$ cat run_5.cif   # mmCIF, C-alpha atoms
data_model
#
loop_
_atom_site.label_atom_id
_atom_site.label_comp_id
_atom_site.auth_asym_id
_atom_site.auth_seq_id
_atom_site.Cartn_x
_atom_site.Cartn_y
_atom_site.Cartn_z
CA MET A 22 0.00 0.00 0.00
CA GLU A 23 2.86 2.37 0.79
CA ARG A 24 4.38 1.86 -2.64
CA ILE A 25 1.08 2.59 -4.39
CA LEU A 26 0.70 5.86 -2.48
CA ASP A 27 4.32 6.78 -3.25
CA LYS A 28 3.87 5.99 -6.94
CA THR A 29 0.72 8.10 -7.01
CA ILE A 30 2.68 11.04 -5.60
CA VAL A 31 5.49 10.50 -8.12
CA LEU A 32 2.97 10.18 -10.95
CA ALA A 33 1.41 13.49 -9.90
CA GLY A 34 4.87 15.08 -10.14
CA CYS A 35 5.33 13.49 -13.56
CA LEU A 36 1.98 14.89 -14.71
CA LEU A 37 3.04 18.33 -13.47
CA THR A 38 6.25 18.00 -15.49
CA ALA A 39 4.24 16.92 -18.54
CA ALA A 40 1.92 19.92 -18.11
CA CYS A 41 4.92 22.26 -17.85
CA PHE A 42 6.37 20.67 -20.98
CA LEU A 43 3.12 21.18 -22.88
CA VAL A 44 2.78 24.80 -21.78
CA GLU A 45 6.40 25.67 -22.57
CA THR A 46 6.48 23.98 -25.96
CA SER A 47 2.99 25.00 -27.10
CA SER A 48 3.49 28.76 -27.00
CA GLY A 49 3.35 29.95 -30.58
CA ALA A 50 3.31 26.43 -31.98
CA GLU A 51 0.82 25.02 -34.41
CA LEU A 52 -2.23 23.19 -33.14
CA ALA A 53 -1.21 19.97 -34.92
CA ALA A 54 2.20 20.00 -33.22
CA SER A 55 0.54 20.52 -29.83
CA ASP A 56 -1.78 17.59 -30.50
CA ALA A 57 1.19 15.42 -31.44
CA ARG A 58 3.00 16.35 -28.23
CA LEU A 59 -0.13 15.62 -26.19
CA LEU A 60 -0.49 12.22 -27.86
CA THR A 61 3.19 11.49 -27.25
CA LEU A 62 2.81 12.39 -23.58
CA ALA A 63 -0.30 10.22 -23.25
CA ILE A 64 1.47 7.23 -24.81
CA ALA A 65 4.57 7.82 -22.67
CA MET A 66 2.43 7.97 -19.54
CA LEU A 67 0.61 4.76 -20.47
CA ILE A 68 3.87 2.91 -21.10
CA ALA A 69 5.45 4.24 -17.89
CA VAL A 70 2.43 3.21 -15.81
CA LEU A 71 2.41 -0.24 -17.45
CA CYS A 72 6.13 -0.65 -16.69
CA SER A 73 5.44 0.40 -13.11
CA ALA A 74 2.65 -2.16 -12.81
CA LEU A 75 4.91 -4.81 -14.33
CA THR A 76 7.56 -4.01 -11.74
CA GLU A 77 5.02 -4.53 -8.94
CA ALA A 78 3.56 -7.69 -10.48
CA VAL A 79 6.72 -9.69 -11.18
CA SER A 80 9.67 -10.18 -8.88
CA THR A 81 12.11 -10.78 -11.72
CA PRO A 82 14.26 -8.13 -13.35
CA ALA A 83 11.76 -7.94 -16.23
CA GLY A 84 10.10 -4.86 -14.77
CA ILE A 85 13.37 -3.06 -14.21
CA LEU A 86 14.60 -4.01 -17.67
CA ALA A 87 11.31 -2.70 -19.08
CA PHE A 88 12.01 0.62 -17.35
CA SER A 89 15.55 0.55 -18.73
CA ALA A 90 14.13 0.17 -22.23
CA TYR A 91 11.66 2.98 -21.50
CA CYS A 92 14.48 5.26 -20.33
CA ALA A 93 16.53 4.43 -23.43
CA ALA A 94 13.53 5.28 -25.60
CA ALA A 95 13.09 8.51 -23.66
CA LEU A 96 16.49 9.60 -24.95
CA PHE A 97 14.89 9.93 -28.38
CA VAL A 98 11.48 11.25 -27.30
CA PRO A 99 11.91 14.32 -25.08
CA ALA A 100 8.27 14.25 -23.92
CA ALA A 101 8.79 10.78 -22.44
CA LEU A 102 11.36 12.23 -20.03
CA ALA A 103 8.48 13.56 -17.94
CA PHE A 104 7.71 10.03 -16.70
CA VAL A 105 11.28 8.92 -16.00
CA PRO A 106 10.85 9.56 -12.20
CA LEU A 107 8.48 6.55 -12.09
CA ALA A 108 11.36 4.44 -13.35
CA LEU A 109 13.69 6.08 -10.86
CA TYR A 110 11.34 5.19 -7.99
CA ASP A 111 11.39 1.50 -8.85
CA CYS A 112 15.09 1.40 -9.66
CA ALA A 113 16.14 3.08 -6.44
CA ARG A 114 14.79 0.19 -4.39
CA CYS A 115 16.77 -2.40 -6.39
CA ILE A 116 20.24 -0.95 -5.89
CA HIS A 117 20.58 -2.41 -2.38
CA ARG A 118 19.77 -5.96 -3.45
CA ALA A 119 22.48 -8.55 -3.83
CA ASP A 120 20.98 -10.44 -6.75
CA VAL A 121 20.49 -9.79 -10.44
CA LEU A 122 18.06 -6.97 -9.63
CA ARG A 123 21.04 -4.88 -8.54
CA PHE A 124 22.49 -5.07 -12.04
CA SER A 125 19.19 -4.29 -13.75
CA GLY A 126 18.51 -1.46 -11.28
CA ALA A 127 21.94 0.01 -11.99
CA LEU A 128 21.29 -0.33 -15.72
CA ALA A 129 18.02 1.58 -15.36
CA LEU A 130 19.70 4.28 -13.25
CA ILE A 131 22.37 4.72 -15.91
CA ALA A 132 19.63 5.13 -18.50
CA ILE A 133 17.87 7.67 -16.28
CA VAL A 134 21.05 9.67 -15.76
CA ALA A 135 21.66 9.63 -19.51
CA CYS A 136 18.10 10.91 -20.03
CA LEU A 137 18.62 13.72 -17.56
CA MET A 138 22.04 14.62 -19.01
CA ARG A 139 20.53 14.89 -22.48
CA ALA A 140 17.61 16.99 -21.13
CA THR A 141 16.08 18.47 -24.21
CA MET A 142 13.21 19.83 -22.16
CA PRO A 143 12.58 23.53 -21.50
CA PRO A 144 13.92 24.99 -18.23
CA LEU A 145 10.73 24.89 -16.13
CA SER A 146 10.01 21.34 -17.25
CA THR A 147 13.57 20.33 -16.40
CA ALA A 148 13.27 21.86 -12.93
CA SER A 149 9.96 20.07 -12.39
CA LEU A 150 11.53 16.84 -13.65
CA LEU A 151 14.44 17.17 -11.23
CA CYS A 152 12.03 17.85 -8.35
CA SER A 153 9.96 14.80 -9.30
CA ALA A 154 13.09 12.66 -9.60
CA THR A 155 14.32 13.82 -6.20
CA ALA A 156 10.94 13.11 -4.64
CA ALA A 157 10.92 9.67 -6.26
CA CYS A 158 14.34 8.84 -4.79
CA VAL A 159 13.45 10.11 -1.32
CA LEU A 160 10.11 8.29 -1.27
CA SER A 161 11.64 5.06 -2.55
CA VAL A 162 14.43 5.08 0.04
CA ARG A 163 12.02 5.96 2.85
CA THR A 164 9.53 3.26 1.90
CA SER A 165 12.21 0.64 1.28
CA THR A 166 13.75 1.35 4.69
CA THR A 167 10.37 1.22 6.40
CA LEU A 168 9.44 -2.05 4.70
CA ALA A 169 12.84 -3.57 5.52
CA ARG A 170 12.40 -2.65 9.19
CA GLN A 171 8.92 -4.12 9.09
CA ARG A 172 10.23 -7.39 7.58
CA ILE A 173 12.91 -7.57 10.28
CA ALA A 174 10.31 -6.97 12.98
CA TRP A 175 8.07 -9.68 11.53
CA SER A 176 10.91 -12.20 11.28
CA THR A 177 11.99 -11.37 14.84
CA ARG A 178 8.41 -11.80 16.03
CA ASP A 179 8.15 -15.14 14.21
CA ALA A 180 11.50 -16.32 15.61
CA LEU A 181 10.47 -15.34 19.13
CA ALA A 182 7.11 -17.09 18.74
CA SER A 183 8.86 -20.22 17.49
CA GLN A 184 11.32 -20.07 20.37
CA ALA A 185 8.45 -19.62 22.86
CA LEU A 186 6.72 -22.70 21.46
CA SER A 187 9.96 -24.66 21.71
CA LEU A 188 10.49 -23.56 25.30
CA ARG A 189 6.90 -24.46 26.21
CA LYS A 190 7.37 -27.91 24.71
CA ARG A 191 10.66 -28.35 26.56
CA ASN A 192 9.04 -27.15 29.80
CA ARG A 193 6.16 -29.60 29.28
CA ASN A 194 8.64 -32.45 28.69
CA LEU A 195 10.59 -31.51 31.82
CA ARG A 196 7.37 -31.34 33.83
CA ASP A 197 6.32 -34.77 32.53
CA SER A 198 9.76 -36.18 33.42
CA LEU A 199 9.54 -34.64 36.89
CA ASP A 200 6.05 -36.09 37.38
CA ARG A 201 7.29 -39.56 36.35
CA MET A 202 10.25 -39.30 38.68
CA SER A 203 7.94 -38.16 41.50
CA ALA A 204 5.62 -41.10 40.82
CA ILE A 205 8.54 -43.56 40.83
CA ALA A 206 9.86 -42.04 44.06
CA ALA A 207 6.38 -42.28 45.65
CA LYS A 208 6.12 -45.98 44.71
CA LYS A 209 9.49 -46.73 46.31
CA ARG A 210 8.38 -45.36 49.69
#
$ encode --input "run_5.cif" --output "structure tokens"
Amino acid sequence: MERILDKTIVLAGCLLTAACFLVETSSGAELAASDARLLTLAIAMLIAVLCSALTEAVSTPAGILAFSAYCAAALFVPAALAFVPLALYDCARCIHRADVLRFSGALALIAIVACLMRATMPPLSTASLLCSATAACVLSVRTSTTLARQRIAWSTRDALASQALSLRKRNRNLRDSLDRMSAIAAKKR
């Protein structure tokens, strides 16, 4: 649930960036060019949201690799840069992993940095993009840390419950042994 709320916040930042991009590039432009940019932004948003859903649905690197492909495509479509913070959110949580997701997360982050370095967006859109990207990183780190602490607390709770059951069983066995020994001692008297 935390991730969905975070992604909603990041998506709102991405939509703000897209709106800034439309406003800055539409001044004095033809209506057909504005429609093409709007269609490009709509398609970019749809693909970014689908990649985000794929990342949540599968635990393999497929989602991160999809975002890497999206970021690479964003190098050639400036309007698609508006939704790169969604990729950044999902990639930031994979960097700390020790498996193949670390590599795919790093690959996606490299693609994101390349997108931001190329920044063919107008100044206000770029500033909004950087704010969205920063928010995505901060939210991802905060949520990942919170969820990691929660997993540790749950595993500690489970370990303590298991240990309590083991101690109860051992106590019951000792009590049964003591009762048998008391019964044997009572018979000998």
$ closest_residue --input "run_5.cif" --among "A:Ala204, A:Ala100, A:Val44, A:Val31" --to "A:Arg58" --atoms "only C-alpha atoms"
A:Ala100
$ residues_around --input "run_5.cif" --residues "stretch 65-81 of chain A" --least-positions-apart "3" --cutoff "8 Å" --atoms "only C-alpha atoms" --output "ChimeraX atom specification"
/A:61-62,84-85,87-88,91,100-101,104-105,107-108,111,122
$ write_last_selection --input "run_5.cif" --atoms "C-alpha atoms" --output "JSON list (two decimals), in the coordinates of the input"
[["chain", "number", "residue", "atom", "x", "y", "z"],
["A", 61, "THR", "CA", 3.19, 11.49, -27.25],
["A", 62, "LEU", "CA", 2.81, 12.39, -23.58],
["A", 84, "GLY", "CA", 10.10, -4.86, -14.77],
["A", 85, "ILE", "CA", 13.37, -3.06, -14.21],
["A", 87, "ALA", "CA", 11.31, -2.70, -19.08],
["A", 88, "PHE", "CA", 12.01, 0.62, -17.35],
["A", 91, "TYR", "CA", 11.66, 2.98, -21.50],
["A", 100, "ALA", "CA", 8.27, 14.25, -23.92],
["A", 101, "ALA", "CA", 8.79, 10.78, -22.44],
["A", 104, "PHE", "CA", 7.71, 10.03, -16.70],
["A", 105, "VAL", "CA", 11.28, 8.92, -16.00],
["A", 107, "LEU", "CA", 8.48, 6.55, -12.09],
["A", 108, "ALA", "CA", 11.36, 4.44, -13.35],
["A", 111, "ASP", "CA", 11.39, 1.50, -8.85],
["A", 122, "LEU", "CA", 18.06, -6.97, -9.63]]
$ closest_residue --input "run_5.cif" --among "A:Leu32, A:Leu109, A:Val98, A:Leu151" --to "A:Ala57" --atoms "all atoms listed in the file"
A:Val98
$ atom_distance --input "run_5.cif" --atom1 "atom CA of A:Leu150" --atom2 "atom CA of A:Thr164"
20.7 Å
$ residues_around --input "run_5.cif" --residues "A:Pro99" --least-positions-apart "4" --cutoff "12 Å" --atoms "only C-alpha atoms" --output "PyMOL selection string"
chain A and resi 38-39+42-43+46+58+61-62+65+91-95+103-105+136-143+146-147+150
$ atom_distance --input "run_5.cif" --atom1 "atom CA of A:Leu195" --atom2 "atom CA of A:Ser183"
18.3 Å
$ atom_distance --input "run_5.cif" --atom1 "atom CA of A:Cys152" --atom2 "atom CA of A:Leu37"
10.4 Å
$ closest_residue --input "run_5.cif" --among "A:Ala63, A:Ala174, A:Ala83, A:Leu102" --to "A:Ser153" --atoms "only C-alpha atoms"
A:Leu102
$ residues_near_point --input "run_5.cif" --point "(14.4, 8.6, -0.9)" --cutoff "12 Å" --atoms "all atoms listed in the file" --output "ChimeraX atom specification"
/A:27,31,106,109-114,153-167
$ write_last_selection --input "run_5.cif" --atoms "C-alpha atoms" --output "mmCIF file, in the coordinates of the input"
data_model
loop_
_atom_site.group_PDB
_atom_site.id
_atom_site.type_symbol
_atom_site.label_atom_id
_atom_site.label_comp_id
_atom_site.auth_asym_id
_atom_site.auth_seq_id
_atom_site.Cartn_x
_atom_site.Cartn_y
_atom_site.Cartn_z
ATOM 1 C CA ASP A 27 4.320 6.780 -3.250
ATOM 2 C CA VAL A 31 5.490 10.500 -8.120
ATOM 3 C CA PRO A 106 10.850 9.560 -12.200
ATOM 4 C CA LEU A 109 13.690 6.080 -10.860
ATOM 5 C CA TYR A 110 11.340 5.190 -7.990
ATOM 6 C CA ASP A 111 11.390 1.500 -8.850
ATOM 7 C CA CYS A 112 15.090 1.400 -9.660
ATOM 8 C CA ALA A 113 16.140 3.080 -6.440
ATOM 9 C CA ARG A 114 14.790 0.190 -4.390
ATOM 10 C CA SER A 153 9.960 14.800 -9.300
ATOM 11 C CA ALA A 154 13.090 12.660 -9.600
ATOM 12 C CA THR A 155 14.320 13.820 -6.200
ATOM 13 C CA ALA A 156 10.940 13.110 -4.640
ATOM 14 C CA ALA A 157 10.920 9.670 -6.260
ATOM 15 C CA CYS A 158 14.340 8.840 -4.790
ATOM 16 C CA VAL A 159 13.450 10.110 -1.320
ATOM 17 C CA LEU A 160 10.110 8.290 -1.270
ATOM 18 C CA SER A 161 11.640 5.060 -2.550
ATOM 19 C CA VAL A 162 14.430 5.080 0.040
ATOM 20 C CA ARG A 163 12.020 5.960 2.850
ATOM 21 C CA THR A 164 9.530 3.260 1.900
ATOM 22 C CA SER A 165 12.210 0.640 1.280
ATOM 23 C CA THR A 166 13.750 1.350 4.690
ATOM 24 C CA THR A 167 10.370 1.220 6.400
#
$ closest_residue --input "run_5.cif" --among "A:Leu145, A:Ala90, A:Met202, A:Ile25" --to "A:Ala40" --atoms "only C-alpha atoms"
A:Leu145
$ build_atoms --input "run_5.cif" --residues "stretch 178-189 of chain A" --atoms "all heavy atoms" --output "PDB file, in the frame of the given file"
ATOM      1  N   ARG A 178       9.630 -11.351  15.347  1.00  0.00           N
ATOM      2  CA  ARG A 178       8.410 -11.800  16.030  1.00  0.00           C
ATOM      3  C   ARG A 178       8.183 -13.290  15.785  1.00  0.00           C
ATOM      4  O   ARG A 178       7.893 -14.045  16.712  1.00  0.00           O
ATOM      5  CB  ARG A 178       7.211 -11.003  15.537  1.00  0.00           C
ATOM      6  CG  ARG A 178       5.906 -11.410  16.201  1.00  0.00           C
ATOM      7  CD  ARG A 178       4.710 -10.984  15.408  1.00  0.00           C
ATOM      8  NE  ARG A 178       4.730 -11.661  14.120  1.00  0.00           N
ATOM      9  CZ  ARG A 178       4.056 -11.269  13.060  1.00  0.00           C
ATOM     10  NH1 ARG A 178       3.322 -10.193  13.116  1.00  0.00           N
ATOM     11  NH2 ARG A 178       4.108 -11.942  11.933  1.00  0.00           N
ATOM     12  N   ASP A 179       8.349 -13.729  14.525  1.00  0.00           N
ATOM     13  CA  ASP A 179       8.150 -15.140  14.210  1.00  0.00           C
ATOM     14  C   ASP A 179       9.186 -16.016  14.903  1.00  0.00           C
ATOM     15  O   ASP A 179       8.865 -17.101  15.398  1.00  0.00           O
ATOM     16  CB  ASP A 179       8.200 -15.356  12.698  1.00  0.00           C
ATOM     17  CG  ASP A 179       7.021 -14.715  11.989  1.00  0.00           C
ATOM     18  OD1 ASP A 179       6.020 -14.386  12.666  1.00  0.00           O
ATOM     19  OD2 ASP A 179       7.107 -14.547  10.753  1.00  0.00           O
ATOM     20  N   ALA A 180      10.445 -15.552  14.937  1.00  0.00           N
ATOM     21  CA  ALA A 180      11.500 -16.320  15.610  1.00  0.00           C
ATOM     22  C   ALA A 180      11.221 -16.415  17.102  1.00  0.00           C
ATOM     23  O   ALA A 180      11.406 -17.475  17.713  1.00  0.00           O
ATOM     24  CB  ALA A 180      12.859 -15.680  15.360  1.00  0.00           C
ATOM     25  N   LEU A 181      10.782 -15.314  17.699  1.00  0.00           N
ATOM     26  CA  LEU A 181      10.470 -15.340  19.130  1.00  0.00           C
ATOM     27  C   LEU A 181       9.264 -16.234  19.416  1.00  0.00           C
ATOM     28  O   LEU A 181       9.249 -16.951  20.425  1.00  0.00           O
ATOM     29  CB  LEU A 181      10.219 -13.927  19.651  1.00  0.00           C
ATOM     30  CG  LEU A 181      11.463 -13.037  19.759  1.00  0.00           C
ATOM     31  CD1 LEU A 181      11.062 -11.621  20.139  1.00  0.00           C
ATOM     32  CD2 LEU A 181      12.446 -13.613  20.756  1.00  0.00           C
ATOM     33  N   ALA A 182       8.271 -16.221  18.560  1.00  0.00           N
ATOM     34  CA  ALA A 182       7.110 -17.090  18.740  1.00  0.00           C
ATOM     35  C   ALA A 182       7.514 -18.558  18.617  1.00  0.00           C
ATOM     36  O   ALA A 182       7.076 -19.409  19.406  1.00  0.00           O
ATOM     37  CB  ALA A 182       6.026 -16.755  17.722  1.00  0.00           C
ATOM     38  N   SER A 183       8.368 -18.854  17.655  1.00  0.00           N
ATOM     39  CA  SER A 183       8.860 -20.220  17.490  1.00  0.00           C
ATOM     40  C   SER A 183       9.680 -20.660  18.696  1.00  0.00           C
ATOM     41  O   SER A 183       9.536 -21.789  19.188  1.00  0.00           O
ATOM     42  CB  SER A 183       9.713 -20.306  16.216  1.00  0.00           C
ATOM     43  OG  SER A 183      10.307 -21.554  16.102  1.00  0.00           O
ATOM     44  N   GLN A 184      10.510 -19.765  19.190  1.00  0.00           N
ATOM     45  CA  GLN A 184      11.320 -20.070  20.370  1.00  0.00           C
ATOM     46  C   GLN A 184      10.428 -20.257  21.594  1.00  0.00           C
ATOM     47  O   GLN A 184      10.671 -21.139  22.418  1.00  0.00           O
ATOM     48  CB  GLN A 184      12.337 -18.957  20.611  1.00  0.00           C
ATOM     49  CG  GLN A 184      13.330 -19.275  21.701  1.00  0.00           C
ATOM     50  CD  GLN A 184      14.364 -18.162  21.840  1.00  0.00           C
ATOM     51  OE1 GLN A 184      14.207 -17.084  21.296  1.00  0.00           O
ATOM     52  NE2 GLN A 184      15.416 -18.449  22.568  1.00  0.00           N
ATOM     53  N   ALA A 185       9.383 -19.480  21.726  1.00  0.00           N
ATOM     54  CA  ALA A 185       8.450 -19.620  22.860  1.00  0.00           C
ATOM     55  C   ALA A 185       7.753 -20.971  22.801  1.00  0.00           C
ATOM     56  O   ALA A 185       7.610 -21.649  23.829  1.00  0.00           O
ATOM     57  CB  ALA A 185       7.444 -18.487  22.853  1.00  0.00           C
ATOM     58  N   LEU A 186       7.350 -21.386  21.603  1.00  0.00           N
ATOM     59  CA  LEU A 186       6.720 -22.700  21.460  1.00  0.00           C
ATOM     60  C   LEU A 186       7.691 -23.819  21.826  1.00  0.00           C
ATOM     61  O   LEU A 186       7.335 -24.787  22.506  1.00  0.00           O
ATOM     62  CB  LEU A 186       6.205 -22.903  20.031  1.00  0.00           C
ATOM     63  CG  LEU A 186       4.955 -22.138  19.653  1.00  0.00           C
ATOM     64  CD1 LEU A 186       4.651 -22.313  18.174  1.00  0.00           C
ATOM     65  CD2 LEU A 186       3.775 -22.606  20.488  1.00  0.00           C
ATOM     66  N   SER A 187       8.928 -23.667  21.387  1.00  0.00           N
ATOM     67  CA  SER A 187       9.960 -24.660  21.710  1.00  0.00           C
ATOM     68  C   SER A 187      10.204 -24.739  23.208  1.00  0.00           C
ATOM     69  O   SER A 187      10.318 -25.824  23.784  1.00  0.00           O
ATOM     70  CB  SER A 187      11.243 -24.312  20.970  1.00  0.00           C
ATOM     71  OG  SER A 187      12.279 -25.182  21.333  1.00  0.00           O
ATOM     72  N   LEU A 188      10.276 -23.584  23.856  1.00  0.00           N
ATOM     73  CA  LEU A 188      10.490 -23.560  25.300  1.00  0.00           C
ATOM     74  C   LEU A 188       9.291 -24.139  26.058  1.00  0.00           C
ATOM     75  O   LEU A 188       9.464 -24.843  27.064  1.00  0.00           O
ATOM     76  CB  LEU A 188      10.782 -22.139  25.779  1.00  0.00           C
ATOM     77  CG  LEU A 188      12.161 -21.593  25.395  1.00  0.00           C
ATOM     78  CD1 LEU A 188      12.267 -20.120  25.763  1.00  0.00           C
ATOM     79  CD2 LEU A 188      13.263 -22.405  26.036  1.00  0.00           C
ATOM     80  N   ARG A 189       8.087 -23.880  25.572  1.00  0.00           N
ATOM     81  CA  ARG A 189       6.900 -24.460  26.210  1.00  0.00           C
ATOM     82  C   ARG A 189       6.926 -25.989  26.099  1.00  0.00           C
ATOM     83  O   ARG A 189       6.602 -26.688  27.052  1.00  0.00           O
ATOM     84  CB  ARG A 189       5.629 -23.915  25.569  1.00  0.00           C
ATOM     85  CG  ARG A 189       5.282 -22.533  26.004  1.00  0.00           C
ATOM     86  CD  ARG A 189       3.930 -22.110  25.453  1.00  0.00           C
ATOM     87  NE  ARG A 189       3.816 -20.675  25.511  1.00  0.00           N
ATOM     88  CZ  ARG A 189       3.422 -19.904  24.521  1.00  0.00           C
ATOM     89  NH1 ARG A 189       3.071 -20.423  23.372  1.00  0.00           N
ATOM     90  NH2 ARG A 189       3.354 -18.603  24.679  1.00  0.00           N
TER      91      ARG A 189
END
